[in-house]
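Visitor: Can you keep this structure in mind? I'll have questions shortly.
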Amino acid sequence: KKKKRLFDFKRVVDVCVSLIVLIFIYPWAYLIIGVLIKWKMPGKIIFTQWRTGKDGAHFLCYKFRTMLQSKEADSLQANDNDPRITPLGRLLRVTSLDELPQFYNVLRGEMSIVGPRPHMLLHTDYYSKLIPNYNLRLSVLPGITGWAQIHNLRGETHNADKMRQRVEHDLWYIRNWSMMLDMRIMFRTIKIMIQ
């Protein structure tokens, strides 16, 4: 019962923070970033992609578009020297501002602010067969940021070892979850964004 109350509180925090971001920060960010995206590249401002959520459910994940339109968007991960990433997109990725629209996913209950990052459907299918206990990370809502991300395990997973490390961090987070841990991850994420 105590853990359920804590999880309920986690949801309350998710909703409150998401509302603050979506009401006071997102409109300005959308206006400024949207104009810059339209100025630098054709296509939509918001990029959507199907990702794997809690219990294996599929949901549309939102991001500010950082790459040129490509047929490989749902199959090929972006890498550091990816020619599809625009200079503006690179800045958005480094600062994690491209993830800002995901607060809408949080408000909808598809994501949490803190949790394992949601993977592309193709990667979930591939790595679940390759890495033991991979699917245990699907027992909680995916997050905008997480324990793996603040330990520099973010971005492209170009080999199975890097994904194993990420999964190990995700499972450690799930086993050791607390609201204090979430707060620690959130503050660490903000610090990384500012640096």
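Scheme for the structure tokens: letters A, B, ... for chains in order shown; per-chain residue numbers from 1; ligand numbers from 1 in order shown.
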Neighbouring residues of Ile194 (chain A) were defined as those with any atom within 12 Å, considering only C-alpha atoms; residues of the same chain fewer than 2 positions away were excluded. Please report them as a list in words.
Guide: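 Returned residues: Val94, Thr95, Ser96, Leu97, Phe187, Arg188, Thr189, Ile190, Lys191 and Ile192 of chain A.
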Visitor: Within region 28-108 of chain A, find each residue whose DSSP state, derived from the backbone, is strand (DSSP E or B), and express the selection as a list in words.
Guide: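 Selecting the strand (DSSP E or B) positions of region 28-108 of chain A gives Ile46, Phe47, Thr48, Gln49, Trp50, Arg51, Thr52, His58, Phe59, Leu60, Cys61, Tyr62, Lys63, Phe64, Met67 and Ile85 of chain A.
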Visitor: Filtering to N, CA and C atoms, could you give me those residues as a compact mmCIF listing (two decimals), in the first residue's frame?
Guide:
```txt
# COMPACT_ATOMS: atom_id res chain seq x y z
N ILE A 46 7.11 19.05 -35.31
CA ILE A 46 7.10 17.93 -34.36
C ILE A 46 7.30 16.62 -35.11
N PHE A 47 8.25 15.83 -34.63
CA PHE A 47 8.51 14.50 -35.17
C PHE A 47 7.82 13.48 -34.26
N THR A 48 7.09 12.57 -34.83
CA THR A 48 6.43 11.52 -34.03
C THR A 48 6.96 10.15 -34.44
N GLN A 49 7.08 9.30 -33.47
CA GLN A 49 7.58 7.95 -33.74
C GLN A 49 6.96 6.97 -32.74
N TRP A 50 6.58 5.79 -33.23
CA TRP A 50 6.03 4.78 -32.34
C TRP A 50 7.14 4.23 -31.46
N ARG A 51 6.89 4.22 -30.17
CA ARG A 51 7.85 3.68 -29.19
C ARG A 51 7.14 2.66 -28.31
N THR A 52 7.95 1.88 -27.59
CA THR A 52 7.41 0.87 -26.68
C THR A 52 7.26 1.45 -25.29
N HIS A 58 2.26 0.26 -27.31
CA HIS A 58 2.86 1.18 -28.27
C HIS A 58 2.22 2.56 -28.12
N PHE A 59 3.04 3.60 -28.23
CA PHE A 59 2.50 4.96 -28.17
C PHE A 59 3.32 5.87 -29.07
N LEU A 60 2.70 6.96 -29.52
CA LEU A 60 3.40 7.93 -30.36
C LEU A 60 4.20 8.88 -29.47
N CYS A 61 5.49 8.87 -29.63
CA CYS A 61 6.38 9.72 -28.84
C CYS A 61 6.66 11.00 -29.63
N TYR A 62 6.60 12.14 -28.94
CA TYR A 62 6.76 13.44 -29.60
C TYR A 62 8.14 14.04 -29.33
N LYS A 63 8.71 14.65 -30.38
CA LYS A 63 10.00 15.35 -30.24
C LYS A 63 10.01 16.53 -31.21
N PHE A 64 10.80 17.55 -30.89
CA PHE A 64 11.07 18.56 -31.90
C PHE A 64 11.96 17.90 -32.96
N MET A 67 16.20 16.24 -37.47
CA MET A 67 16.84 15.68 -38.65
C MET A 67 16.03 15.96 -39.90
N ILE A 85 21.21 14.96 -39.31
CA ILE A 85 21.01 15.94 -38.22
C ILE A 85 21.46 17.32 -38.70
```
Visitor: Compare A:Ile45, A:Leu92, A:Val17, A:Leu130 by their minimum atom-to-atom distance to Ala160 (chain A), counting only C-alpha atoms, and give me the closest one.
Guide: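 Ranking A:Ile45, A:Leu92, A:Val17, A:Leu130 by distance to Ala160 (chain A), first place goes to A:Leu130.
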Visitor: Residues at most 10 Å from Pro42 (chain A), counting only C-alpha atoms, excluding those fewer than 3 positions away in the same chain, as a PyMOL selection string?
Guide: chain A and resi 37-39+45+68-69
Visitor: Go ahead and save the picked residues with C-alpha atoms, as an mmCIF file, in the first residue's frame.
Guide:
```cif
data_model
loop_
_atom_site.group_PDB
_atom_site.id
_atom_site.type_symbol
_atom_site.label_atom_id
_atom_site.label_comp_id
_atom_site.auth_asym_id
_atom_site.auth_seq_id
_atom_site.Cartn_x
_atom_site.Cartn_y
_atom_site.Cartn_z
ATOM 1 C CA ILE A 37 13.080 24.549 -37.619
ATOM 2 C CA LYS A 38 10.881 25.905 -40.420
ATOM 3 C CA TRP A 39 13.636 28.325 -41.403
ATOM 4 C CA ILE A 45 8.030 20.944 -36.489
ATOM 5 C CA LEU A 68 16.028 15.978 -42.307
ATOM 6 C CA GLN A 69 13.112 13.793 -43.380
#
```
Visitor: With a distance cut-off of 6 Å and only C-alpha atoms, select the neighbouring residues of Leu138 (chain A), excluding the residue or stretch itself and same-chain residues fewer than 2 positions from it, and output the selection as a JSON list (two decimals) with N, CA and C atoms, in the first residue's frame.
Guide:
```json
[["chain", "number", "residue", "atom", "x", "y", "z"],
["A", 54, "LYS", "N", 4.97, 1.14, -21.28],
["A", 54, "LYS", "CA", 4.77, 0.20, -20.18],
["A", 54, "LYS", "C", 4.00, -1.02, -20.64],
["A", 55, "ASP", "N", 4.44, -2.18, -20.17],
["A", 55, "ASP", "CA", 3.83, -3.48, -20.50],
["A", 55, "ASP", "C", 3.81, -3.75, -22.00],
["A", 135, "ASN", "N", 13.00, -7.14, -21.04],
["A", 135, "ASN", "CA", 11.59, -6.73, -20.93],
["A", 135, "ASN", "C", 11.17, -6.30, -19.53],
["A", 136, "LEU", "N", 12.01, -6.54, -18.52],
["A", 136, "LEU", "CA", 11.69, -6.07, -17.17],
["A", 136, "LEU", "C", 11.63, -4.54, -17.12],
["A", 140, "VAL", "N", 7.58, -0.48, -15.94],
["A", 140, "VAL", "CA", 7.26, 0.88, -15.49],
["A", 140, "VAL", "C", 7.10, 1.79, -16.70]]
```
Visitor: Using only C-alpha atoms, tabulate the residues of region 63-168 of chain A lying at most 12 Å from any atom of region 178-186 of chain A, each with its closest atom pair and that distance in Å to one decimal, by chain and increasing residue number, as CSV.
Guide:
```
residue,atom,partner,partner_atom,distance
A:Ser112,CA,A:Asp182,CA,10.3
A:Ile113,CA,A:Met186,CA,8.0
A:Val114,CA,A:Asp182,CA,6.2
A:Gly115,CA,A:Asp182,CA,8.5
A:Pro116,CA,A:Ile185,CA,11.7
A:Gly143,CA,A:Asp182,CA,10.5
A:Ile144,CA,A:Met186,CA,9.7
A:Thr145,CA,A:Met186,CA,7.5
A:Gly146,CA,A:Ile185,CA,6.5
A:Trp147,CA,A:Ile185,CA,6.5
A:Ala148,CA,A:Ile185,CA,9.7
A:Gln149,CA,A:Ile185,CA,9.0
A:Ile150,CA,A:Ile185,CA,7.0
A:His151,CA,A:Ile185,CA,10.0
```
